[in-house]
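*Asks:* The file below is coords.csv, CSV, C-alpha atoms:
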chain,number,residue,atom,x,y,z
A,1,MET,CA,0.0,0.0,0.0
A,2,THR,CA,1.5,3.3,-1.0
A,3,ALA,CA,1.5,6.3,1.3
A,4,ARG,CA,-1.0,8.0,-1.0
A,5,VAL,CA,-3.5,5.2,-0.9
A,6,ARG,CA,-3.0,4.9,2.9
A,7,LEU,CA,-3.6,8.6,3.4
A,8,LEU,CA,-6.8,8.4,1.2
A,9,LEU,CA,-8.1,5.5,3.2
A,10,PHE,CA,-7.4,7.4,6.4
A,11,ALA,CA,-9.2,10.5,5.1
A,12,VAL,CA,-12.3,8.4,4.3
A,13,GLY,CA,-12.2,6.7,7.6
A,14,THR,CA,-11.6,10.0,9.5
A,15,ALA,CA,-14.5,11.7,7.7
A,16,GLY,CA,-16.8,8.9,8.8
A,17,PHE,CA,-15.5,8.8,12.3
A,18,ALA,CA,-15.7,12.6,12.7
A,19,ALA,CA,-19.3,12.7,11.5
A,20,LEU,CA,-20.3,9.9,13.8
A,21,PHE,CA,-18.4,11.3,16.8
A,22,ALA,CA,-19.8,14.8,16.3
A,23,ALA,CA,-23.3,13.3,16.2
A,24,ALA,CA,-22.6,11.2,19.3
A,25,VAL,CA,-21.3,14.0,21.5
A,26,ARG,CA,-24.5,15.9,20.9
A,27,GLY,CA,-26.1,13.2,23.0
A,28,LEU,CA,-23.6,13.5,25.8
A,29,PRO,CA,-24.6,15.2,29.0
A,30,GLU,CA,-23.9,18.9,29.0
A,31,PHE,CA,-20.3,19.9,29.7
A,32,GLY,CA,-19.9,21.0,33.3
A,33,GLY,CA,-23.5,20.1,34.1
A,34,PRO,CA,-24.9,19.0,37.4
A,35,VAL,CA,-26.0,15.5,36.4
A,36,HIS,CA,-23.4,12.9,37.4
A,37,PRO,CA,-25.3,9.8,38.5
A,38,TYR,CA,-22.2,7.6,38.8
A,39,ALA,CA,-20.3,10.3,40.7
A,40,ALA,CA,-23.1,10.6,43.2
A,41,ARG,CA,-23.2,6.9,43.9
A,42,ALA,CA,-19.4,6.6,44.0
A,43,VAL,CA,-19.1,9.5,46.5
A,44,HIS,CA,-21.9,8.0,48.6
A,45,GLN,CA,-20.3,4.6,48.7
A,46,ALA,CA,-16.8,6.0,49.4
A,47,VAL,CA,-18.0,8.1,52.3
A,48,ARG,CA,-19.9,5.2,53.7
A,49,GLU,CA,-16.8,3.0,53.6
A,50,GLY,CA,-14.7,5.6,55.2
A,51,THR,CA,-12.3,6.5,52.4
A,52,PRO,CA,-12.0,10.3,52.1
A,53,ASN,CA,-10.3,10.2,48.7
A,54,VAL,CA,-13.1,9.0,46.4
A,55,VAL,CA,-10.7,8.4,43.5
A,56,ALA,CA,-8.8,5.9,45.6
A,57,SER,CA,-12.0,4.3,46.7
A,58,VAL,CA,-13.1,3.9,43.1
A,59,THR,CA,-9.8,2.6,42.0
A,60,PHE,CA,-9.1,0.1,44.8
A,61,ASP,CA,-12.4,-0.6,46.4
A,62,GLN,CA,-15.4,-0.2,44.1
A,63,ARG,CA,-13.6,-1.1,40.9
A,64,GLY,CA,-10.9,-3.3,42.4
A,65,PHE,CA,-11.2,-6.1,39.9
A,66,ASP,CA,-10.8,-3.7,37.0
A,67,THR,CA,-7.7,-2.3,38.6
A,68,LEU,CA,-6.4,-5.9,39.0
A,69,GLY,CA,-6.7,-6.2,35.2
A,70,GLU,CA,-4.8,-3.0,34.6
A,71,GLU,CA,-2.2,-4.0,37.2
A,72,LEU,CA,-1.5,-7.2,35.3
A,73,ILE,CA,-1.3,-5.3,32.0
A,74,LEU,CA,1.3,-3.2,33.7
A,75,LEU,CA,3.2,-6.2,35.0
A,76,ALA,CA,3.0,-7.9,31.6
A,77,ALA,CA,4.2,-4.9,29.7
A,78,ALA,CA,7.1,-4.3,32.1
A,79,ILE,CA,8.2,-7.9,31.9
A,80,ALA,CA,8.0,-7.9,28.1
A,81,ALA,CA,10.0,-4.8,27.8
A,82,VAL,CA,12.7,-6.1,30.1
A,83,VAL,CA,12.9,-9.4,28.2
A,84,VAL,CA,13.1,-7.7,24.8
A,85,LEU,CA,15.8,-5.4,25.9
A,86,HIS,CA,17.7,-8.1,27.8
A,87,VAL,CA,18.1,-10.3,24.7
A,88,VAL,CA,19.5,-7.3,22.7
A,89,ARG,CA,21.9,-6.5,25.4
A,90,ARG,CA,23.4,-10.0,25.6
A,91,GLU,CA,23.9,-10.1,21.9
A,92,GLU,CA,25.6,-6.8,21.8
A,93,GLU,CA,27.9,-7.8,24.7
A,94,ASP,CA,28.8,-11.0,23.0
A,95,ASP,CA,29.8,-9.0,20.0
A,96,GLY,CA,32.4,-7.3,22.1
A,97,ALA,CA,30.8,-4.0,22.8
A,98,ALA,CA,32.6,-2.3,25.7
A,99,HIS,CA,31.0,-1.3,28.9
A,100,ARG,CA,31.8,2.4,29.2
A,101,HIS,CA,30.3,4.2,32.1
A,102,GLY,CA,31.5,6.2,35.1
A,103,PRO,CA,30.9,9.4,37.0
A,104,ALA,CA,30.1,11.9,34.3
A,105,GLU,CA,31.4,15.5,34.0
A,106,VAL,CA,28.6,17.5,35.5
A,107,SER,CA,28.7,20.8,37.4
A,108,ASP,CA,28.9,20.7,41.2
A,109,ALA,CA,25.6,22.5,41.5
A,110,LEU,CA,23.8,19.7,39.6
A,111,ARG,CA,25.5,17.0,41.6
A,112,ILE,CA,24.7,18.6,44.9
A,113,ALA,CA,21.1,19.3,43.9
A,114,GLY,CA,20.6,15.7,42.8
A,115,MET,CA,22.1,14.4,46.1
A,116,LEU,CA,19.9,16.7,48.2
A,117,LEU,CA,16.8,16.0,46.3
A,118,LEU,CA,17.1,12.3,46.4
A,119,PRO,CA,16.0,11.7,50.1
A,120,VAL,CA,13.4,14.4,49.9
A,121,THR,CA,11.8,12.9,46.8
A,122,LEU,CA,11.9,9.4,48.3
A,123,VAL,CA,10.1,10.7,51.4
A,124,ALA,CA,7.6,12.5,49.2
A,125,GLY,CA,6.9,9.3,47.2
A,126,VAL,CA,6.4,7.3,50.4
A,127,TYR,CA,4.1,10.0,51.7
A,128,ILE,CA,2.0,10.0,48.5
A,129,VAL,CA,1.6,6.2,48.6
A,130,ALA,CA,0.9,6.1,52.3
A,131,HIS,CA,-1.7,8.9,52.3
A,132,GLY,CA,-3.4,7.8,49.1
A,133,GLN,CA,-6.7,7.0,50.8
A,134,GLN,CA,-6.9,10.5,52.5
A,135,SER,CA,-5.5,13.0,50.0
A,136,PRO,CA,-4.9,13.3,46.3
A,137,GLY,CA,-2.3,10.6,45.4
A,138,GLY,CA,-2.0,6.9,45.9
A,139,GLY,CA,0.0,3.9,44.7
A,140,PHE,CA,0.2,4.7,41.0
A,141,GLN,CA,1.3,8.3,41.5
A,142,GLY,CA,3.6,7.6,44.5
A,143,GLY,CA,5.1,4.6,42.7
A,144,VAL,CA,6.1,6.8,39.8
A,145,VAL,CA,7.6,9.4,42.2
A,146,LEU,CA,9.6,6.6,44.0
A,147,GLY,CA,10.8,5.0,40.7
A,148,THR,CA,12.0,8.3,39.3
A,149,ALA,CA,13.5,9.5,42.5
A,150,VAL,CA,16.2,6.9,42.4
A,151,HIS,CA,17.3,8.3,39.0
A,152,LEU,CA,18.2,11.7,40.4
A,153,LEU,CA,21.5,10.0,41.0
A,154,TYR,CA,21.8,9.5,37.2
A,155,LEU,CA,21.0,13.2,36.7
A,156,ALA,CA,23.6,14.0,39.2
A,157,GLY,CA,26.1,12.2,37.0
A,158,ASP,CA,26.8,9.2,39.1
A,159,TYR,CA,25.7,6.1,37.2
A,160,PRO,CA,27.8,3.6,39.3
A,161,ALA,CA,26.1,4.9,42.5
A,162,LEU,CA,22.7,4.4,40.8
A,163,GLN,CA,23.7,0.8,40.0
A,164,ARG,CA,24.7,0.2,43.6
A,165,LEU,CA,21.5,1.8,44.9
A,166,ARG,CA,19.2,-0.5,42.8
A,167,PRO,CA,20.3,-4.1,42.8
A,168,LEU,CA,18.1,-5.4,39.9
A,169,PRO,CA,17.4,-8.9,41.2
A,170,ALA,CA,15.9,-7.4,44.4
A,171,PHE,CA,13.7,-5.1,42.4
A,172,GLU,CA,12.6,-8.0,40.1
A,173,THR,CA,11.7,-10.0,43.1
A,174,ALA,CA,10.0,-7.1,44.8
A,175,GLU,CA,7.9,-6.4,41.7
A,176,ALA,CA,6.7,-10.0,41.4
A,177,LEU,CA,5.9,-10.1,45.2
A,178,ALA,CA,4.0,-6.8,45.0
A,179,ALA,CA,1.9,-8.1,42.0
A,180,ALA,CA,1.2,-11.3,43.8
A,181,LEU,CA,0.3,-9.5,47.0
A,182,PHE,CA,-2.1,-7.2,45.1
A,183,THR,CA,-3.8,-10.1,43.4
A,184,ALA,CA,-4.1,-12.0,46.7
A,185,ILE,CA,-5.6,-9.0,48.4
A,186,VAL,CA,-8.1,-8.3,45.6
A,187,LEU,CA,-9.2,-12.0,45.4
A,188,TYR,CA,-9.2,-13.1,49.0
A,189,ALA,CA,-9.6,-10.0,51.2
A,190,ALA,CA,-13.1,-9.0,50.2
A,191,GLY,CA,-14.1,-9.3,53.8
A,192,TRP,CA,-11.7,-6.6,55.0
A,193,ALA,CA,-12.9,-3.1,55.8
A,194,ALA,CA,-12.2,-0.7,53.0
A,195,THR,CA,-10.2,1.4,55.5
A,196,GLY,CA,-7.6,-1.4,55.7
A,197,ARG,CA,-7.9,-2.7,52.2
A,198,VAL,CA,-7.4,0.6,50.3
A,199,PRO,CA,-4.1,1.5,52.0
A,200,ALA,CA,-2.8,-2.1,51.6
A,201,LEU,CA,-3.6,-2.1,47.9
A,202,ASN,CA,-2.1,1.4,47.5
A,203,GLY,CA,1.1,0.1,49.1
A,204,ALA,CA,1.2,-3.0,46.8
A,205,VAL,CA,0.6,-0.9,43.7
A,206,GLY,CA,3.2,1.7,44.8
A,207,ALA,CA,5.8,-1.0,45.2
A,208,GLU,CA,5.0,-2.6,41.9
A,209,VAL,CA,4.9,0.6,39.9
A,210,GLY,CA,8.1,1.9,41.4
A,211,CYS,CA,9.9,-1.4,40.8
A,212,ALA,CA,8.6,-1.7,37.2
A,213,LEU,CA,9.8,1.9,36.5
A,214,VAL,CA,13.2,1.2,37.9
A,215,LEU,CA,13.5,-2.0,35.9
A,216,LEU,CA,12.4,-0.4,32.7
A,217,LEU,CA,14.6,2.6,33.1
A,218,SER,CA,17.6,0.4,34.0
A,219,LYS,CA,17.1,-1.6,30.7
A,220,PHE,CA,17.0,1.6,28.7
A,221,PHE,CA,20.0,2.9,30.5
A,222,GLU,CA,21.9,-0.2,29.7
A,223,GLN,CA,21.0,0.3,26.0
A,224,ALA,CA,22.1,3.9,26.1
A,225,LEU,CA,25.2,3.7,28.3
A,226,LEU,CA,26.6,0.1,28.2
A,227,VAL,CA,25.8,-1.0,24.7
A,228,ARG,CA,27.1,1.6,22.4
A,229,ASP,CA,28.0,0.6,19.0
A,230,PRO,CA,25.6,2.5,16.6
A,231,ALA,CA,27.9,2.4,13.6
A,232,ARG,CA,28.0,-1.4,13.6
A,233,PRO,CA,26.8,-2.7,10.2
A,234,THR,CA,23.5,-4.7,10.3
A,235,LYS,CA,23.6,-8.4,9.7
B,1,MET,CA,-26.4,22.1,22.8
B,2,ASN,CA,-24.3,25.0,21.8
B,3,LEU,CA,-20.7,25.0,20.7
B,4,PRO,CA,-19.0,25.9,24.0
B,5,HIS,CA,-20.5,22.9,25.6
B,6,LEU,CA,-19.5,20.6,22.7
B,7,LEU,CA,-16.0,22.0,22.4
B,8,PRO,CA,-14.2,19.8,25.1
B,9,TYR,CA,-15.7,16.6,23.5
B,10,LEU,CA,-14.8,17.7,20.0
B,11,ALA,CA,-11.3,18.6,21.2
B,12,ALA,CA,-10.9,15.1,22.5
B,13,GLY,CA,-12.0,13.6,19.2
B,14,TRP,CA,-9.7,16.0,17.4
B,15,ILE,CA,-6.7,14.9,19.5
B,16,MET,CA,-7.4,11.3,18.8
B,17,LEU,CA,-7.6,11.9,15.0
B,18,VAL,CA,-4.4,14.0,15.0
B,19,GLY,CA,-2.6,11.1,16.7
B,20,LEU,CA,-4.0,8.6,14.2
B,21,TYR,CA,-2.9,10.9,11.4
B,22,GLY,CA,0.6,10.9,12.8
B,23,ILE,CA,0.6,7.1,13.0
B,24,VAL,CA,-0.7,6.7,9.4
B,25,THR,CA,1.9,9.1,7.9
B,26,SER,CA,4.7,8.1,10.3
B,27,ARG,CA,8.2,7.5,8.8
B,28,ASP,CA,9.7,6.5,12.1
B,29,LEU,CA,8.7,3.9,14.7
B,30,VAL,CA,9.5,6.2,17.7
B,31,HIS,CA,7.4,8.9,16.1
B,32,ALA,CA,4.6,6.4,15.7
B,33,VAL,CA,4.8,5.4,19.4
B,34,VAL,CA,4.6,9.0,20.4
B,35,CYS,CA,1.6,9.5,18.1
B,36,LEU,CA,0.0,6.6,19.8
B,37,GLN,CA,0.5,8.4,23.1
B,38,VAL,CA,-1.2,11.5,21.6
B,39,THR,CA,-4.1,9.3,20.5
B,40,GLN,CA,-4.4,7.9,24.0
B,41,SER,CA,-4.4,11.4,25.4
B,42,GLY,CA,-7.6,12.1,23.6
B,43,THR,CA,-9.3,9.5,25.8
B,44,TYR,CA,-8.0,11.3,28.9
B,45,VAL,CA,-9.5,14.6,27.7
B,46,LEU,CA,-12.8,12.9,26.8
B,47,LEU,CA,-13.0,11.1,30.2
B,48,LEU,CA,-12.2,14.3,32.2
B,49,ALA,CA,-14.5,16.4,30.1
B,50,ILE,CA,-17.4,14.0,30.9
B,51,GLY,CA,-16.6,14.2,34.6
B,52,TYR,CA,-16.2,18.0,34.8
B,53,ARG,CA,-18.7,19.9,36.8
B,54,SER,CA,-18.8,23.7,36.9
B,55,GLY,CA,-17.8,25.2,40.3
B,56,ALA,CA,-16.9,21.8,41.7
B,57,THR,CA,-13.8,20.8,43.6
B,58,ALA,CA,-11.7,17.6,43.8
B,59,PRO,CA,-13.6,14.5,45.2
B,60,VAL,CA,-11.6,14.4,48.4
B,61,PHE,CA,-13.3,14.7,51.8
B,62,SER,CA,-10.5,14.6,54.3
B,63,ASP,CA,-10.9,18.2,55.3
B,64,ARG,CA,-14.5,19.1,54.4
B,65,PRO,CA,-18.0,17.4,54.7
B,66,PRO,CA,-19.3,15.3,51.8
B,67,PRO,CA,-22.1,16.5,49.6
B,68,PRO,CA,-24.7,17.9,49.8
B,69,ALA,CA,-23.2,19.9,52.7
B,70,GLY,CA,-19.8,20.4,51.2
B,71,GLY,CA,-20.7,21.5,47.7
B,72,PRO,CA,-20.4,19.7,44.4
B,73,VAL,CA,-17.4,17.6,43.4
B,74,THR,CA,-16.1,16.4,40.0
B,75,ASP,CA,-16.8,12.8,38.9
B,76,PRO,CA,-14.3,10.5,40.6
B,77,VAL,CA,-15.1,7.5,38.4
B,78,VAL,CA,-13.6,8.9,35.2
B,79,GLN,CA,-10.7,10.4,37.1
B,80,ALA,CA,-9.9,6.9,38.5
B,81,MET,CA,-10.1,5.5,34.9
B,82,ALA,CA,-7.7,8.3,33.6
B,83,LEU,CA,-5.3,7.6,36.5
B,84,THR,CA,-4.8,3.9,35.8
B,85,ASP,CA,-4.8,4.6,32.1
B,86,VAL,CA,-1.9,7.0,32.4
B,87,VAL,CA,0.4,4.6,34.3
B,88,VAL,CA,-0.5,1.6,32.2
B,89,GLY,CA,-0.1,3.7,29.0
B,90,ALA,CA,3.4,4.8,30.1
B,91,THR,CA,4.4,1.1,30.7
B,92,VAL,CA,3.0,0.0,27.3
B,93,THR,CA,4.9,2.9,25.7
B,94,ALA,CA,8.1,1.6,27.3
B,95,LEU,CA,7.4,-1.8,25.8
B,96,LEU,CA,6.8,-0.4,22.3
B,97,LEU,CA,9.9,1.7,22.5
B,98,ALA,CA,11.8,-1.4,23.6
B,99,LEU,CA,10.5,-3.2,20.4
B,100,ALA,CA,11.6,-0.1,18.4
B,101,VAL,CA,15.1,-0.5,19.9
B,102,GLN,CA,15.0,-4.2,18.9
B,103,VAL,CA,13.9,-3.3,15.4
B,104,ALA,CA,16.6,-0.7,15.0
B,105,LYS,CA,19.3,-3.1,16.1
B,106,ARG,CA,18.1,-6.0,13.9
B,107,ARG,CA,17.1,-4.2,10.8
B,108,GLY,CA,19.1,-1.0,10.9
B,109,THR,CA,16.1,1.2,10.2
B,110,LEU,CA,13.1,2.7,12.0
B,111,ASP,CA,11.1,3.5,8.9
B,112,PRO,CA,8.0,1.3,8.7
B,113,ALA,CA,8.1,1.6,4.9
B,114,ASP,CA,11.5,-0.2,4.9
B,115,LEU,CA,10.3,-3.1,7.0
B,116,ARG,CA,8.7,-5.2,4.4
B,117,SER,CA,8.8,-8.7,5.8
B,118,LEU,CA,9.1,-10.3,9.2
B,119,GLU,CA,12.2,-12.4,8.3
B,120,SER,CA,15.4,-11.2,9.7
Any chance you could put this one into structure tokens?
*Replies:*
Amino acid sequence: MTARVRLLLFAVGTAGFAALFAAAVRGLPEFGGPVHPYAARAVHQAVREGTPNVVASVTFDQRGFDTLGEELILLAAAIAAVVVLHVVRREEEDDGAAHRHGPAEVSDALRIAGMLLLPVTLVAGVYIVAHGQQSPGGGFQGGVVLGTAVHLLYLAGDYPALQRLRPLPAFETAEALAAALFTAIVLYAAGWAATGRVPALNGAVGAEVGCALVLLLSKFFEQALLVRDPARPTK
Amino acid sequence: MNLPHLLPYLAAGWIMLVGLYGIVTSRDLVHAVVCLQVTQSGTYVLLLAIGYRSGATAPVFSDRPPPPAGGPVTDPVVQAMALTDVVVGATVTALLLALAVQVAKRRGTLDPADLRSLES
């Protein structure tokens, strides 16, 4: 299919979609209007279960099974990305690519800022995970903060320190355990009060998202920093 | 319904179509992955537009009474959907970028037009 035919096909499809979509949104409730039947029920249920953050209540309590599915998608995607990049890495290393890394030449200001921000960011991440049921935040957001906080060391120019800070086997184990814990809580802890279940699920998700992020970024770092032979002719 | 009330929904559809246009005309797999993210962003806009409520605040009741005493709140259901969507979308993007890395190493190109067959 040439680019021209493809574009033509896309134009036809887009015209049809645009017409149907425009017709469909005319039937949607008014933007900013007062009628939100699901919101009213979700808020009522969350308040009755004692979870002040209704978004956390919806995610981990009222729609817990749905979140379990998304959680497993996250796990599967992270594992697949790690596996794909790992195979490439081994091949390149077998071809004799050199491992070149070390403390980079960065300014002292950047180095000190990274070192100072690291503990603060870690504490903020734990706070966001731990208070997910009370204030805006939760496992997903806090996990991302935790996972990226570790990489302030890389921004500070110290890749070897980053490698010492995150032993990858430990993070792989922790991610698998967190996913198993999440699944177990969702499937078997239906009898718990929501005030105990939501923080527990928040913690499991926070651990899993953080570990997944660290693993993913570590594999991309290996691609960018360890395996460096872009000029190699293709087989 | 008049145009100002349709605009957020139409903007969501427009973002999705722009992302799809980018994928269709893409000459680079990384570009295509980013365009897929743009397409997905359209769903965030649509979800949050549906859940928006004029004059309402965030659906968190740790420091104020729940409705009807505490005033209206935005729809938490669509916000929860957008939340999980963002994180899962980021991970899937990482997987797609990893595949793009693999393709670049194996085939020496990222242009989808040059990737004719699946044999290596």
*Asks:* Compile the contact shell of B:Arg27 as JSON, numbers by chain: residues with an atom at most 12 Å away, counting all atoms listed in the file, same-chain residues fewer than 6 positions apart removed.
*Replies:* {"A": [3], "B": [21, 33, 35, 109, 110, 111, 112, 113, 114, 115]}
*Asks:* Which neighbours of stretch 84-89 of chain B fall inside 8 Å, counting only C-alpha atoms, when residues of the same chain fewer than 5 positions from it are skipped, and could you give them as a list of chain:residue names?
*Replies:* A:Thr67, A:Glu70, A:Glu71, A:Ile73, A:Leu74, A:Phe140, B:Gln37, B:Gln40
*Asks:* Using only C-alpha atoms, find the one residue out of A:Gln62, A:Ser57, A:Gln134, A:Thr2 that sits nearest to chain B.
*Replies:*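 The answer is A:Gln134, which sits nearest to chain B.
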*Asks:* List every residue of chain B that has an atom at most 6 Å from any atom of chain A, and for each one report the closest atom pair and its distance in Å to one decimal, counting only C-alpha atoms, with rows sorted by chain and then by increasing residue number, as a Markdown table.
*Replies:*
| residue | atom | partner | partner_atom | distance |
| --- | --- | --- | --- | --- |
| B:His5 | CA | A:Phe31 | CA | 5.1 |
| B:Tyr52 | CA | A:Gly32 | CA | 5.0 |
| B:Arg53 | CA | A:Gly32 | CA | 3.9 |
| B:Ser54 | CA | A:Gly32 | CA | 4.6 |
| B:Pro59 | CA | A:Val54 | CA | 5.7 |
| B:Val60 | CA | A:Asn53 | CA | 4.4 |
| B:Phe61 | CA | A:Pro52 | CA | 4.6 |
| B:Ser62 | CA | A:Pro52 | CA | 5.1 |
| B:Asp75 | CA | A:Ala39 | CA | 4.7 |
| B:Pro76 | CA | A:Val55 | CA | 5.1 |
| B:Ala80 | CA | A:Val55 | CA | 5.3 |
| B:Val88 | CA | A:Leu74 | CA | 5.3 |
| B:Val92 | CA | A:Ala77 | CA | 5.6 |
| B:Leu95 | CA | A:Ala81 | CA | 4.4 |
| B:Ala98 | CA | A:Ala81 | CA | 5.7 |
| B:Gly108 | CA | A:Thr234 | CA | 5.8 |
*Asks:* Can you work out the spacing between atom CA of A:Val198 and atom CA of A:Asp61 in Å, to one decimal?
*Replies:*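 Computed distance, atom CA of A:Val198 to atom CA of A:Asp61, equals 6.5 Å.
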*Asks:* Which residue gives the smallest distance to A:Val5 among B:Ala82, B:Val24, B:Leu29, B:Leu3, with all atoms listed in the file counted?
*Replies:* B:Val24
*Asks:* Which neighbours of B:Tyr44 fall inside 12 Å, counting all atoms listed in the file, when residues of the same chain fewer than 3 positions from it are skipped, and could you give them as a PyMOL selection string?
*Replies:* chain B and resi 8-9+11-13+15-16+37-41+47-51+78-86+89
*Asks:* Work out how far apart atom CA of A:Val106 and atom CA of A:Tyr154 are and give it in Å to one decimal.
*Replies:* 10.6 Å
*Asks:* Please provide as a PyMOL selection string all residues within 8 Å of A:Phe182, with the sequence filter that same-chain residues fewer than 2 positions apart are discarded (counting all atoms listed in the file).
*Replies:* chain A and resi 68+178-180+184-186+201+204-205
*Asks:* When distances are computed from only C-alpha atoms, which of A:Leu181, A:Gly114, A:Thr195, A:Gly142 shows the smallest separation from A:Val126?
*Replies:*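 Going through A:Leu181, A:Gly114, A:Thr195, A:Gly142 one by one, the smallest distance to A:Val126 is for A:Gly142.
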*Asks:* Rounded to one decimal, what separation in Å do you get between atom CA of B:Pro4 and atom CA of B:Leu46?
*Replies:*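 Between atom CA of B:Pro4 and atom CA of B:Leu46 the gap is 14.7 Å.
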*Asks:* With all atoms listed in the file as the atoms that count, which of B:Trp14, B:Gln102, B:Gly19, B:Val77 lies nearest to B:Ala32?
*Replies:*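 Once distances to B:Ala32 are computed over all atoms listed in the file, the minimum belongs to B:Gly19.
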*Asks:* Can you complete the atoms of stretch 83-98 of chain B to N, CA and C atoms and list them as a short mmCIF file (atom, residue, chain, number, x, y, z; two decimals), in the coordinates of the input?
*Replies:*
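Result went into result34.cif, see below:
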data_model
loop_
_atom_site.label_atom_id
_atom_site.label_comp_id
_atom_site.auth_asym_id
_atom_site.auth_seq_id
_atom_site.Cartn_x
_atom_site.Cartn_y
_atom_site.Cartn_z
N LEU B 83 -6.52 7.85 35.65
CA LEU B 83 -5.30 7.60 36.50
C LEU B 83 -4.64 6.32 36.10
N THR B 84 -5.40 5.22 36.12
CA THR B 84 -4.80 3.90 35.80
C THR B 84 -4.35 3.91 34.34
N ASP B 85 -5.13 4.58 33.50
CA ASP B 85 -4.80 4.60 32.10
C ASP B 85 -3.44 5.27 31.84
N VAL B 86 -3.15 6.34 32.57
CA VAL B 86 -1.90 7.00 32.40
C VAL B 86 -0.71 6.13 32.69
N VAL B 87 -0.78 5.45 33.85
CA VAL B 87 0.40 4.60 34.30
C VAL B 87 0.53 3.43 33.35
N VAL B 88 -0.59 2.75 33.05
CA VAL B 88 -0.50 1.60 32.20
C VAL B 88 -0.03 2.03 30.78
N GLY B 89 -0.53 3.19 30.32
CA GLY B 89 -0.10 3.70 29.00
C GLY B 89 1.39 3.95 28.97
N ALA B 90 1.93 4.48 30.06
CA ALA B 90 3.40 4.80 30.10
C ALA B 90 4.16 3.46 30.00
N THR B 91 3.69 2.40 30.69
CA THR B 91 4.40 1.10 30.70
C THR B 91 4.33 0.50 29.27
N VAL B 92 3.13 0.56 28.66
CA VAL B 92 3.00 0.00 27.30
C VAL B 92 3.87 0.77 26.33
N THR B 93 3.97 2.09 26.53
CA THR B 93 4.90 2.90 25.70
C THR B 93 6.30 2.42 25.81
N ALA B 94 6.69 2.11 27.05
CA ALA B 94 8.10 1.60 27.30
C ALA B 94 8.26 0.31 26.50
N LEU B 95 7.25 -0.58 26.52
CA LEU B 95 7.40 -1.80 25.80
C LEU B 95 7.51 -1.57 24.29
N LEU B 96 6.69 -0.64 23.75
CA LEU B 96 6.80 -0.40 22.30
C LEU B 96 8.11 0.26 21.95
N LEU B 97 8.63 1.12 22.82
CA LEU B 97 9.90 1.70 22.50
C LEU B 97 11.03 0.63 22.60
N ALA B 98 10.87 -0.34 23.51
CA ALA B 98 11.80 -1.40 23.60
C ALA B 98 11.80 -2.23 22.27
#
